Amino acid sequence: MGDDMDGTHVLVEALQRQGVEYMFGIVGIPVVEVAVAAQRAGIKYVGMRNEQAACYAAQAIGYLTGCPGVCLVVSGPGLLHVIGGLANAQSNCWPLIVIGGSSDQDQEGMGAFQECPQVEACRPYCKYSARPPTVDTIPYHVAKAVKSTTYGRPGAAYIDLPGNILSHRVPEDTLTWFPKCPPPPIALAPSRAIAEAVTLLKSAKRPLVIVGKGAAYGHAEDEVRSFIAKSGLPFLPTPMGKGVVPDDHPQCVASARSRALLEADVVLLLGARLNWILHFGRPPRYAKDVKFIHVDLCPEEFHNSVTGSVALLGDVRAITIQLTEAVPSGPFSSNTAWRKRLDEKSMANMEINAAMAGDTSEPLNYYAVLQNLYEMIPSDSVIVSEGANTMDIGRTLLLNKLPRHRLDAGTFGTMGVGLGFAIAAALWVRDYAPGKRVICVEGDSAFGFSGMEMETIYRYNLPIVIVIVNNNGIYGGFSEEMFSDIREGMDTTIATPPMSLLPSAHYERIATVFNDTGYFCQTVPQLKEAVSEALRKGDKPTLINVMINPMAQRKAQDFDWLTRSKL
């Protein structure tokens, strides 16, 4: 008989054998030893300040690397705090494994410490949720969790480990280890369906390509760029599809998004879903007779909101190669009138944006802040962004030239993801892309969800540039004078508007807690000086708080960003 191994070390070795590199979490009973053992085995562990933020970081590293990150949490409340993150990963289709400690099995139903039905609680938000019944079954469940999170549509998995399982010992030579899960199989679309898609695109008068997050996750950038170049088709990206083809590409019509969607007669979806982000593919955002060609690896996604014309099931990278090979030697057609209409709208919108960005009067507006920030940061920066107007306007002004270089609230529209995403991005940059910068642009409300992760950022010395665009509220706030006037002599819980936050809060002073100096900016020159200093020092975090007009808004829209059903 060989040496004994306890459940903790079996778990860690199983994770290591599956290629897991990163673990994020908050330790406590009964998982402290798991984090220690993970570090000794070479798995990089980052201790966070909130379980949700840890979960956001773990899923972001899964998106960036293609291998699920692990979020390690304690039982009961610790696990329940992570469910929001689980749901976000599942909705975003990012690979994530949550490992939760739980109360001992022999105390189940007796009111054990932090006893909670954790497997059942996680199941609605996961592709796979299980509790290994014995130590020797842990490797199987780890292997299955990795496969579940990466095969088909990526998503989340949960593994529940009672304290007695983690501490129980078994002979090492009785364990069955599972080999590293191979990459997901690559499926091609039938040649007949490819021919149908190409024929439909060739006959279109107003064709459009939408490049989705699935194309970014699938590392299809080279193939998509080749297709766009050969076909000559106009395209626009979804928020996290930005950079698969550079945002400044001459065929990008993102600045004419509303017109492109409304007037297109054939739309090719490359790894994009017809959910709320794309307004469900329905009027009034689209023409009634628009035809969709849908590329997706999940058959359940086809005909989900509207009935598509061609469904191409398989790997987006492989199918894009098929489409490119089927395209004639030249572009489908010049579509001169269509491109002219889109270019005219793009130019008109860009002129409006430029005028707003050029208005540097005080207090500042979103456009002035974001445009000047964009002009200063390196073009290969990883941009993390969340907030309402901060994120939406940032999608227009903070351009991406590379794929997987934008992380934001995503499909689930989750606020509070920013600092967790930025931590993951900084680790990915450190280990896989040295020299790149991580720029985290936060609304003041969004920053408040996970602001204590600043301590995590400083503890691990992650050189993230955090820029808070501060309008004193949620969507909008009040100036100090207005805030005082509306509350004077009244019960603050009655008089304080629900969307307002404390005016002119000096969030930059959080840096002083960590023996650093933050930056408080009210003018463009102050912003430029702060960003320049942040980029110069390079090896440390920087916190910049930029005050803007509490009433600042985005430019007038043809349609609301959120498409609501009309009765």
# chains A, B, ... in the order shown; residues from 1 in each chain; ligands from 1
call {"tool": "select_by_dssp", "arguments": {"residues": "stretch 315-382 of chain A", "states": "alpha helix (DSSP H)", "output": "PyMOL selection string"}}
result
chain A and resi 316-326+336-358+366-376
call {"tool": "residues_around", "arguments": {"residues": "stretch 529-531 of chain A", "least_positions_apart": "4", "cutoff": "8 Å", "atoms": "only C-alpha atoms", "output": "number ranges by chain"}}
result
A: 373, 376-377, 519, 521, 525, 535, 544
call {"tool": "atom_distance", "arguments": {"atom1": "atom CA of A:Ile464", "atom2": "atom CA of A:Pro541"}}
result
4.8 Å
call {"tool": "closest_residue", "arguments": {"among": "A:Cys298, A:Ala121, A:Leu397, A:Val441", "to": "A:Gly418", "atoms": "only C-alpha atoms"}}
result
A:Val441
call {"tool": "closest_atom_pairs", "arguments": {"of": "stretch 54-84 of chain A", "to": "stretch 29-35 of chain A", "cutoff": "12 Å", "atoms": "only C-alpha atoms", "output": "tab-separated table"}}
result
residue	atom	partner	partner_atom	distance
A:Val70	CA	A:Ala35	CA	10.8
A:Cys71	CA	A:Ala35	CA	10.4
A:Leu72	CA	A:Val31	CA	7.6
A:Val73	CA	A:Val31	CA	7.3
A:Val74	CA	A:Ile29	CA	6.2
A:Ser75	CA	A:Ile29	CA	7.6
A:Gly76	CA	A:Ile29	CA	10.6
A:Pro77	CA	A:Ile29	CA	11.9
A:Gly78	CA	A:Ile29	CA	10.4
A:Leu79	CA	A:Val31	CA	11.9
call {"tool": "closest_residue", "arguments": {"among": "A:Pro234, A:Gly387, A:Gly489, A:Gly394", "to": "A:Lys340", "atoms": "only C-alpha atoms"}}
result
A:Pro234
call {"tool": "closest_atom_pairs", "arguments": {"of": "stretch 249-303 of chain A", "to": "stretch 310-330 of chain A", "cutoff": "8 Å", "atoms": "only C-alpha atoms", "output": "tab-separated table"}}
result
residue	atom	partner	partner_atom	distance
A:Leu270	CA	A:Val316	CA	6.6
A:Gly271	CA	A:Val316	CA	6.3
A:Phe292	CA	A:Val310	CA	6.7
A:Ile293	CA	A:Val310	CA	4.7
A:His294	CA	A:Ala311	CA	5.1
A:Val295	CA	A:Leu312	CA	4.7
A:Asp296	CA	A:Leu313	CA	5.4
A:Leu297	CA	A:Gly314	CA	4.5
A:Cys298	CA	A:Leu313	CA	7.0
A:Pro299	CA	A:Leu313	CA	6.5
A:Phe302	CA	A:Ala311	CA	6.6
call {"tool": "decode", "arguments": {"residues": "stretch 17-32 of chain A", "atoms": "all heavy atoms", "output": "PDB file, in the first residue's frame"}}
result
ATOM      1  N   ARG A  17      -3.937  18.368 -12.316  1.00  0.00           N
ATOM      2  CA  ARG A  17      -3.890  17.464 -13.471  1.00  0.00           C
ATOM      3  C   ARG A  17      -4.795  17.952 -14.601  1.00  0.00           C
ATOM      4  O   ARG A  17      -4.550  17.640 -15.768  1.00  0.00           O
ATOM      5  CB  ARG A  17      -4.296  16.048 -13.047  1.00  0.00           C
ATOM      6  CG  ARG A  17      -3.225  15.307 -12.249  1.00  0.00           C
ATOM      7  CD  ARG A  17      -3.760  13.984 -11.729  1.00  0.00           C
ATOM      8  NE  ARG A  17      -2.776  13.253 -10.948  1.00  0.00           N
ATOM      9  CZ  ARG A  17      -2.077  12.197 -11.402  1.00  0.00           C
ATOM     10  NH1 ARG A  17      -2.251  11.760 -12.642  1.00  0.00           N
ATOM     11  NH2 ARG A  17      -1.200  11.588 -10.621  1.00  0.00           N
ATOM     12  N   GLN A  18      -5.835  18.698 -14.261  1.00  0.00           N
ATOM     13  CA  GLN A  18      -6.739  19.230 -15.275  1.00  0.00           C
ATOM     14  C   GLN A  18      -6.272  20.573 -15.836  1.00  0.00           C
ATOM     15  O   GLN A  18      -6.944  21.180 -16.662  1.00  0.00           O
ATOM     16  CB  GLN A  18      -8.150  19.372 -14.713  1.00  0.00           C
ATOM     17  CG  GLN A  18      -8.830  18.052 -14.403  1.00  0.00           C
ATOM     18  CD  GLN A  18      -8.976  17.177 -15.636  1.00  0.00           C
ATOM     19  OE1 GLN A  18      -9.239  17.654 -16.732  1.00  0.00           O
ATOM     20  NE2 GLN A  18      -8.798  15.867 -15.453  1.00  0.00           N
ATOM     21  N   GLY A  19      -5.126  21.050 -15.383  1.00  0.00           N
ATOM     22  CA  GLY A  19      -4.560  22.273 -15.937  1.00  0.00           C
ATOM     23  C   GLY A  19      -5.026  23.549 -15.297  1.00  0.00           C
ATOM     24  O   GLY A  19      -4.783  24.646 -15.835  1.00  0.00           O
ATOM     25  N   VAL A  20      -5.699  23.475 -14.152  1.00  0.00           N
ATOM     26  CA  VAL A  20      -6.157  24.692 -13.473  1.00  0.00           C
ATOM     27  C   VAL A  20      -4.946  25.482 -12.985  1.00  0.00           C
ATOM     28  O   VAL A  20      -4.058  24.950 -12.327  1.00  0.00           O
ATOM     29  CB  VAL A  20      -7.090  24.342 -12.294  1.00  0.00           C
ATOM     30  CG1 VAL A  20      -7.358  25.574 -11.437  1.00  0.00           C
ATOM     31  CG2 VAL A  20      -8.396  23.765 -12.828  1.00  0.00           C
ATOM     32  N   GLU A  21      -4.917  26.773 -13.316  1.00  0.00           N
ATOM     33  CA  GLU A  21      -3.791  27.643 -12.949  1.00  0.00           C
ATOM     34  C   GLU A  21      -4.116  28.624 -11.840  1.00  0.00           C
ATOM     35  O   GLU A  21      -3.218  29.033 -11.100  1.00  0.00           O
ATOM     36  CB  GLU A  21      -3.348  28.465 -14.165  1.00  0.00           C
ATOM     37  CG  GLU A  21      -2.711  27.706 -15.293  1.00  0.00           C
ATOM     38  CD  GLU A  21      -2.243  28.673 -16.365  1.00  0.00           C
ATOM     39  OE1 GLU A  21      -1.198  29.324 -16.152  1.00  0.00           O
ATOM     40  OE2 GLU A  21      -2.938  28.805 -17.384  1.00  0.00           O
ATOM     41  N   TYR A  22      -5.380  29.042 -11.747  1.00  0.00           N
ATOM     42  CA  TYR A  22      -5.729  30.153 -10.868  1.00  0.00           C
ATOM     43  C   TYR A  22      -6.889  29.779  -9.954  1.00  0.00           C
ATOM     44  O   TYR A  22      -7.849  29.135 -10.372  1.00  0.00           O
ATOM     45  CB  TYR A  22      -6.128  31.385 -11.682  1.00  0.00           C
ATOM     46  CG  TYR A  22      -5.065  31.892 -12.619  1.00  0.00           C
ATOM     47  CD1 TYR A  22      -5.033  31.458 -13.948  1.00  0.00           C
ATOM     48  CD2 TYR A  22      -4.101  32.803 -12.194  1.00  0.00           C
ATOM     49  CE1 TYR A  22      -4.071  31.916 -14.828  1.00  0.00           C
ATOM     50  CE2 TYR A  22      -3.135  33.273 -13.066  1.00  0.00           C
ATOM     51  CZ  TYR A  22      -3.121  32.827 -14.381  1.00  0.00           C
ATOM     52  OH  TYR A  22      -2.155  33.294 -15.251  1.00  0.00           O
ATOM     53  N   MET A  23      -6.782  30.231  -8.706  1.00  0.00           N
ATOM     54  CA  MET A  23      -7.834  30.045  -7.716  1.00  0.00           C
ATOM     55  C   MET A  23      -8.024  31.374  -6.991  1.00  0.00           C
ATOM     56  O   MET A  23      -7.044  32.031  -6.601  1.00  0.00           O
ATOM     57  CB  MET A  23      -7.435  28.941  -6.733  1.00  0.00           C
ATOM     58  CG  MET A  23      -8.461  28.635  -5.660  1.00  0.00           C
ATOM     59  SD  MET A  23      -7.883  27.334  -4.505  1.00  0.00           S
ATOM     60  CE  MET A  23      -7.970  25.881  -5.555  1.00  0.00           C
ATOM     61  N   PHE A  24      -9.273  31.769  -6.820  1.00  0.00           N
ATOM     62  CA  PHE A  24      -9.628  32.994  -6.112  1.00  0.00           C
ATOM     63  C   PHE A  24     -10.608  32.623  -5.004  1.00  0.00           C
ATOM     64  O   PHE A  24     -11.406  31.694  -5.162  1.00  0.00           O
ATOM     65  CB  PHE A  24     -10.294  33.994  -7.055  1.00  0.00           C
ATOM     66  CG  PHE A  24      -9.496  34.329  -8.271  1.00  0.00           C
ATOM     67  CD1 PHE A  24      -9.500  33.488  -9.379  1.00  0.00           C
ATOM     68  CD2 PHE A  24      -8.740  35.487  -8.327  1.00  0.00           C
ATOM     69  CE1 PHE A  24      -8.759  33.792 -10.519  1.00  0.00           C
ATOM     70  CE2 PHE A  24      -7.995  35.798  -9.455  1.00  0.00           C
ATOM     71  CZ  PHE A  24      -8.006  34.953 -10.553  1.00  0.00           C
ATOM     72  N   GLY A  25     -10.567  33.323  -3.897  1.00  0.00           N
ATOM     73  CA  GLY A  25     -11.534  32.966  -2.873  1.00  0.00           C
ATOM     74  C   GLY A  25     -11.341  33.689  -1.564  1.00  0.00           C
ATOM     75  O   GLY A  25     -10.551  34.632  -1.444  1.00  0.00           O
ATOM     76  N   ILE A  26     -12.108  33.231  -0.588  1.00  0.00           N
ATOM     77  CA  ILE A  26     -11.985  33.677   0.798  1.00  0.00           C
ATOM     78  C   ILE A  26     -12.009  32.422   1.649  1.00  0.00           C
ATOM     79  O   ILE A  26     -12.951  31.623   1.573  1.00  0.00           O
ATOM     80  CB  ILE A  26     -13.137  34.618   1.201  1.00  0.00           C
ATOM     81  CG1 ILE A  26     -13.116  35.887   0.334  1.00  0.00           C
ATOM     82  CG2 ILE A  26     -13.039  34.982   2.678  1.00  0.00           C
ATOM     83  CD1 ILE A  26     -14.240  36.859   0.637  1.00  0.00           C
ATOM     84  N   VAL A  27     -10.986  32.223   2.445  1.00  0.00           N
ATOM     85  CA  VAL A  27     -10.860  30.968   3.180  1.00  0.00           C
ATOM     86  C   VAL A  27     -11.537  31.043   4.541  1.00  0.00           C
ATOM     87  O   VAL A  27     -11.802  32.111   5.075  1.00  0.00           O
ATOM     88  CB  VAL A  27      -9.375  30.578   3.354  1.00  0.00           C
ATOM     89  CG1 VAL A  27      -8.732  30.302   2.002  1.00  0.00           C
ATOM     90  CG2 VAL A  27      -8.613  31.651   4.116  1.00  0.00           C
ATOM     91  N   GLY A  28     -11.796  29.886   5.065  1.00  0.00           N
ATOM     92  CA  GLY A  28     -12.420  29.698   6.370  1.00  0.00           C
ATOM     93  C   GLY A  28     -12.710  28.216   6.501  1.00  0.00           C
ATOM     94  O   GLY A  28     -12.345  27.411   5.636  1.00  0.00           O
ATOM     95  N   ILE A  29     -13.379  27.840   7.572  1.00  0.00           N
ATOM     96  CA  ILE A  29     -13.717  26.426   7.773  1.00  0.00           C
ATOM     97  C   ILE A  29     -14.670  25.986   6.672  1.00  0.00           C
ATOM     98  O   ILE A  29     -15.644  26.663   6.391  1.00  0.00           O
ATOM     99  CB  ILE A  29     -14.374  26.231   9.155  1.00  0.00           C
ATOM    100  CG1 ILE A  29     -13.372  26.614  10.261  1.00  0.00           C
ATOM    101  CG2 ILE A  29     -14.860  24.808   9.348  1.00  0.00           C
ATOM    102  CD1 ILE A  29     -13.988  26.664  11.649  1.00  0.00           C
ATOM    103  N   PRO A  30     -14.442  24.883   5.952  1.00  0.00           N
ATOM    104  CA  PRO A  30     -13.352  23.918   6.129  1.00  0.00           C
ATOM    105  C   PRO A  30     -12.345  23.931   4.970  1.00  0.00           C
ATOM    106  O   PRO A  30     -11.788  22.889   4.619  1.00  0.00           O
ATOM    107  CB  PRO A  30     -14.117  22.597   6.125  1.00  0.00           C
ATOM    108  CG  PRO A  30     -15.196  22.828   5.090  1.00  0.00           C
ATOM    109  CD  PRO A  30     -15.543  24.292   5.150  1.00  0.00           C
ATOM    110  N   VAL A  31     -12.099  25.109   4.342  1.00  0.00           N
ATOM    111  CA  VAL A  31     -11.302  25.113   3.110  1.00  0.00           C
ATOM    112  C   VAL A  31      -9.959  25.830   3.239  1.00  0.00           C
ATOM    113  O   VAL A  31      -9.278  26.019   2.232  1.00  0.00           O
ATOM    114  CB  VAL A  31     -12.116  25.731   1.946  1.00  0.00           C
ATOM    115  CG1 VAL A  31     -13.352  24.908   1.644  1.00  0.00           C
ATOM    116  CG2 VAL A  31     -12.477  27.189   2.218  1.00  0.00           C
ATOM    117  N   VAL A  32      -9.554  26.217   4.440  1.00  0.00           N
ATOM    118  CA  VAL A  32      -8.270  26.899   4.592  1.00  0.00           C
ATOM    119  C   VAL A  32      -7.146  26.059   4.008  1.00  0.00           C
ATOM    120  O   VAL A  32      -6.288  26.538   3.248  1.00  0.00           O
ATOM    121  CB  VAL A  32      -7.979  27.207   6.075  1.00  0.00           C
ATOM    122  CG1 VAL A  32      -6.587  27.803   6.226  1.00  0.00           C
ATOM    123  CG2 VAL A  32      -9.024  28.152   6.649  1.00  0.00           C
TER     124      VAL A  32
END
